[in-house]
Amino acid sequence: MGGQAKGKKKGKPKRKDINPNLDPRFVGVSPQERMKLRAHEKPRRSQLRSTLCCSFSKRQRNAWTVLILRWLAFSVNEPWIKYMYLGQINTGQESVDFYTKGIQVLLSALEKQAQTTQAEAAAAAPADEDAELPTAKDVCVAYCSVAEIYLTDLCMEEGAGDKCKELIERALQYHHDNPEALQLMASYLFSTERNQEGKEYLLKSVGLWLPAQEQSAASSSTDEDMQNEIPPYESRVTTAKLLLESEEFEVAVDVLEGLLEEDDEVVQVWYLSGWVCYLQLEKAKELQEREGREVTAEETEEWKALQEVARSYLTNAKKLYIKLRCDDQPMSEHVEQLLGDLGGELEGEEEDPFLDEDYEPCSDEEEEEEEEEEDAAEAPMEH
């Protein structure tokens, strides 16, 4: 709940001025140096707003459930999608029941689709291009949704681990190279302390979409097919956490840079960016101590740079946390602990406009109006 991500804006190009592939500051520099440069780039005021996820009360969930069930009663198109919505807004066993029903409907639709395709092929009849047809990927995602519940809400239920693994395996049967399913398997394996296997699944997952993210950033592409290869923002935040857990710090840097490029107003991403620098610093010091040698001048300089960039990221995380009125006490406490270990908040930097005391986060509608006004102002005048 600490500053959740906004929905990804497919129509809005990335900022070229801070793209590591285009900006000359980033040419030929190490990930640590890129992180150092990025740490001093401030979140933008024009898009700053509260992005905390809403938590539905039981009464609200019931109300939404009634509305969607009425929708189901009057709609015959893609009924599995409605059950997926019901699964999302409910929790625990109720959520599992809705997802399970949706999967049954989805599998039935796939079977009917296969029969229809065969009949049309025999009759040489064209398919309905406007129909929203289910895919194997839809089944994979649905199974993943249920498996994730057994990793979270129902993790204490008897046999939860076995059910979770079975569901992920089913998901991979329908879409064997689905990044989210592979990452979910990695999470399951980490939870059962099979860390090496988990790391293999995690790196395989990241390898399927990270090149597309980097290519999209390099070209400021809004190509839908390319965007569809990239998992949702929140899924990639989880990726960064798992990479930190498995000590794949260099890959974590690449993932976090992409997240900041896409949306630099998420507290958790600034926090994780600072944490990965801290962990890199600690790992470098441990290596030097194990080798039992004197610290070199080059190491001293590198450690100082990592310390500075970690403080800068964590300072930004703390400021945004306060301004966005986040409610994630463990994260806040960890930020304070890390800053304490690193020498405190980074001082002497120019204050950002978005941190004015009288500033209030704007709504989605206000932001869209601001962007429309900016686009109109930047448009060339007709003569």
# chains A, B, ... in the order shown; residues from 1 in each chain; ligands from 1
call {"tool": "residues_around", "arguments": {"residues": "segment 187-193 of chain A", "least_positions_apart": "2", "cutoff": "12 Å", "atoms": "only C-alpha atoms", "output": "PyMOL selection string"}}
result
chain A and resi 144+147-152+155+160-169+180-185+195-203+205+235+238-239+241-243+245-246
call {"tool": "select_by_dssp", "arguments": {"residues": "segment 182-315 of chain A", "states": "alpha helix (DSSP H)", "output": "mmCIF file with C-alpha atoms, in the first residue's frame"}}
result
data_model
loop_
_atom_site.group_PDB
_atom_site.id
_atom_site.type_symbol
_atom_site.label_atom_id
_atom_site.label_comp_id
_atom_site.auth_asym_id
_atom_site.auth_seq_id
_atom_site.Cartn_x
_atom_site.Cartn_y
_atom_site.Cartn_z
ATOM 1 C CA LEU A 182 7.263 -18.530 -14.244
ATOM 2 C CA GLN A 183 7.714 -15.791 -11.655
ATOM 3 C CA LEU A 184 4.918 -17.243 -9.530
ATOM 4 C CA MET A 185 6.673 -20.610 -9.621
ATOM 5 C CA ALA A 186 9.828 -18.828 -8.496
ATOM 6 C CA SER A 187 7.918 -17.294 -5.567
ATOM 7 C CA TYR A 188 6.570 -20.703 -4.600
ATOM 8 C CA LEU A 189 10.034 -22.273 -4.740
ATOM 9 C CA PHE A 190 11.536 -19.458 -2.665
ATOM 10 C CA SER A 191 8.773 -19.986 -0.085
ATOM 11 C CA ASN A 195 16.249 -21.076 -3.765
ATOM 12 C CA GLN A 196 18.407 -22.243 -6.667
ATOM 13 C CA GLU A 197 15.418 -23.620 -8.575
ATOM 14 C CA GLY A 198 13.506 -20.447 -7.772
ATOM 15 C CA LYS A 199 16.326 -18.292 -9.137
ATOM 16 C CA GLU A 200 16.333 -20.274 -12.403
ATOM 17 C CA TYR A 201 12.607 -19.743 -12.915
ATOM 18 C CA LEU A 202 12.923 -16.068 -11.973
ATOM 19 C CA LEU A 203 15.755 -15.345 -14.410
ATOM 20 C CA LYS A 204 13.923 -17.223 -17.166
ATOM 21 C CA SER A 205 10.859 -15.063 -16.524
ATOM 22 C CA VAL A 206 12.818 -11.802 -16.560
ATOM 23 C CA GLY A 207 14.668 -12.830 -19.696
ATOM 24 C CA LEU A 208 11.372 -13.099 -21.564
ATOM 25 C CA TRP A 209 10.310 -9.475 -21.025
ATOM 26 C CA LEU A 210 13.266 -7.325 -19.906
ATOM 27 C CA PRO A 211 14.650 -6.932 -23.470
ATOM 28 C CA ALA A 212 11.208 -5.726 -24.589
ATOM 29 C CA GLN A 213 11.119 -3.183 -21.748
ATOM 30 C CA GLU A 214 14.574 -1.894 -22.658
ATOM 31 C CA GLN A 215 13.682 -1.745 -26.359
ATOM 32 C CA SER A 216 10.435 0.076 -25.567
ATOM 33 C CA ALA A 217 12.315 2.633 -23.472
ATOM 34 C CA ALA A 218 15.032 3.075 -26.104
ATOM 35 C CA SER A 219 12.544 3.808 -28.880
ATOM 36 C CA GLU A 224 0.802 -2.717 -28.432
ATOM 37 C CA ASP A 225 2.411 -6.076 -29.198
ATOM 38 C CA MET A 226 5.648 -4.977 -27.527
ATOM 39 C CA GLN A 227 3.780 -3.568 -24.524
ATOM 40 C CA ASN A 228 1.856 -6.835 -24.169
ATOM 41 C CA TYR A 233 3.850 -2.656 -13.256
ATOM 42 C CA GLU A 234 3.049 -4.266 -9.904
ATOM 43 C CA SER A 235 4.248 -7.642 -11.173
ATOM 44 C CA ARG A 236 7.603 -6.072 -12.065
ATOM 45 C CA VAL A 237 7.848 -4.504 -8.611
ATOM 46 C CA THR A 238 7.515 -8.049 -7.252
ATOM 47 C CA THR A 239 10.206 -9.101 -9.733
ATOM 48 C CA ALA A 240 12.576 -6.519 -8.259
ATOM 49 C CA LYS A 241 11.892 -7.805 -4.731
ATOM 50 C CA LEU A 242 12.587 -11.400 -5.753
ATOM 51 C CA LEU A 243 15.784 -10.365 -7.530
ATOM 52 C CA LEU A 244 16.968 -8.669 -4.346
ATOM 53 C CA GLU A 245 16.098 -11.782 -2.370
ATOM 54 C CA PHE A 249 21.485 -7.095 -7.920
ATOM 55 C CA GLU A 250 22.594 -6.116 -11.435
ATOM 56 C CA VAL A 251 19.365 -7.415 -12.991
ATOM 57 C CA ALA A 252 17.383 -5.728 -10.216
ATOM 58 C CA VAL A 253 19.028 -2.415 -11.160
ATOM 59 C CA ASP A 254 17.851 -2.825 -14.766
ATOM 60 C CA VAL A 255 14.298 -3.677 -13.686
ATOM 61 C CA LEU A 256 14.085 -0.766 -11.246
ATOM 62 C CA GLU A 257 15.483 1.694 -13.788
ATOM 63 C CA GLY A 258 12.713 0.664 -16.172
ATOM 64 C CA LEU A 259 10.090 1.110 -13.474
ATOM 65 C CA LEU A 260 11.328 4.597 -12.598
ATOM 66 C CA GLU A 261 11.398 5.501 -16.276
ATOM 67 C CA GLU A 262 7.780 4.447 -16.615
ATOM 68 C CA VAL A 267 7.354 5.131 -3.208
ATOM 69 C CA GLN A 268 8.155 1.434 -3.177
ATOM 70 C CA VAL A 269 10.302 1.672 -6.309
ATOM 71 C CA TRP A 270 12.434 4.473 -4.842
ATOM 72 C CA TYR A 271 12.751 2.435 -1.649
ATOM 73 C CA LEU A 272 13.821 -0.711 -3.515
ATOM 74 C CA SER A 273 16.266 1.311 -5.613
ATOM 75 C CA GLY A 274 17.904 2.588 -2.442
ATOM 76 C CA TRP A 275 17.885 -0.844 -0.859
ATOM 77 C CA VAL A 276 19.603 -2.518 -3.820
ATOM 78 C CA CYS A 277 22.410 0.056 -3.632
ATOM 79 C CA TYR A 278 22.720 -0.600 0.100
ATOM 80 C CA LEU A 279 22.901 -4.363 -0.508
ATOM 81 C CA GLN A 280 25.517 -3.906 -3.227
ATOM 82 C CA LEU A 281 27.579 -1.826 -0.802
ATOM 83 C CA GLU A 282 27.300 -4.426 1.976
ATOM 84 C CA LYS A 283 28.180 -7.265 -0.393
ATOM 85 C CA ALA A 284 31.282 -5.428 -1.641
ATOM 86 C CA LYS A 285 32.450 -4.821 1.933
ATOM 87 C CA GLU A 286 31.871 -8.457 2.911
ATOM 88 C CA LEU A 287 33.902 -9.632 -0.088
ATOM 89 C CA GLN A 288 36.799 -7.360 0.850
ATOM 90 C CA GLU A 289 36.747 -8.604 4.453
ATOM 91 C CA ARG A 290 36.681 -12.270 3.400
ATOM 92 C CA GLU A 291 39.698 -11.706 1.202
ATOM 93 C CA ALA A 297 41.282 3.684 -3.492
ATOM 94 C CA GLU A 298 38.992 2.543 -6.300
ATOM 95 C CA GLU A 299 36.833 0.571 -3.846
ATOM 96 C CA THR A 300 36.661 3.534 -1.480
ATOM 97 C CA GLU A 301 35.389 5.740 -4.293
ATOM 98 C CA GLU A 302 32.877 3.151 -5.470
ATOM 99 C CA TRP A 303 31.562 2.565 -1.944
ATOM 100 C CA LYS A 304 31.162 6.284 -1.367
ATOM 101 C CA ALA A 305 29.203 6.575 -4.628
ATOM 102 C CA LEU A 306 26.926 3.663 -3.675
ATOM 103 C CA GLN A 307 26.336 5.185 -0.250
ATOM 104 C CA GLU A 308 25.439 8.553 -1.764
ATOM 105 C CA VAL A 309 23.058 7.122 -4.335
ATOM 106 C CA ALA A 310 21.391 4.872 -1.750
ATOM 107 C CA ARG A 311 20.824 7.872 0.543
ATOM 108 C CA SER A 312 19.416 9.888 -2.344
ATOM 109 C CA TYR A 313 16.943 7.177 -3.387
ATOM 110 C CA LEU A 314 15.853 6.556 0.203
ATOM 111 C CA THR A 315 15.510 10.278 0.872
#
call {"tool": "residues_around", "arguments": {"residues": "segment 136-142 of chain A", "least_positions_apart": "6", "cutoff": "8 Å", "atoms": "only C-alpha atoms", "output": "JSON, numbers by chain"}}
result
{"A": [84, 99, 102, 103, 106, 107, 170, 171, 172, 173, 174, 175, 178, 180, 181]}
call {"tool": "write_last_selection", "arguments": {"atoms": "C-alpha atoms", "output": "PDB file, in the first residue's frame"}}
result
ATOM      1  CA  MET A  84     -12.400 -12.864 -13.088  1.00  0.00           C
ATOM      2  CA  TYR A  99     -12.016 -17.812 -10.248  1.00  0.00           C
ATOM      3  CA  GLY A 102     -14.513 -18.513 -14.430  1.00  0.00           C
ATOM      4  CA  ILE A 103     -11.949 -21.166 -15.370  1.00  0.00           C
ATOM      5  CA  LEU A 106     -13.251 -20.380 -19.977  1.00  0.00           C
ATOM      6  CA  LEU A 107     -12.291 -24.006 -20.647  1.00  0.00           C
ATOM      7  CA  ARG A 170      -1.508 -26.212 -14.871  1.00  0.00           C
ATOM      8  CA  ALA A 171      -0.924 -22.588 -15.832  1.00  0.00           C
ATOM      9  CA  LEU A 172       2.404 -23.460 -17.440  1.00  0.00           C
ATOM     10  CA  GLN A 173       0.779 -26.318 -19.361  1.00  0.00           C
ATOM     11  CA  TYR A 174      -1.408 -23.773 -21.135  1.00  0.00           C
ATOM     12  CA  HIS A 175       1.326 -21.143 -21.603  1.00  0.00           C
ATOM     13  CA  ASN A 178       4.329 -16.982 -19.539  1.00  0.00           C
ATOM     14  CA  GLU A 180       4.042 -14.181 -14.660  1.00  0.00           C
ATOM     15  CA  ALA A 181       3.502 -17.931 -14.288  1.00  0.00           C
TER      16      ALA A 181
END
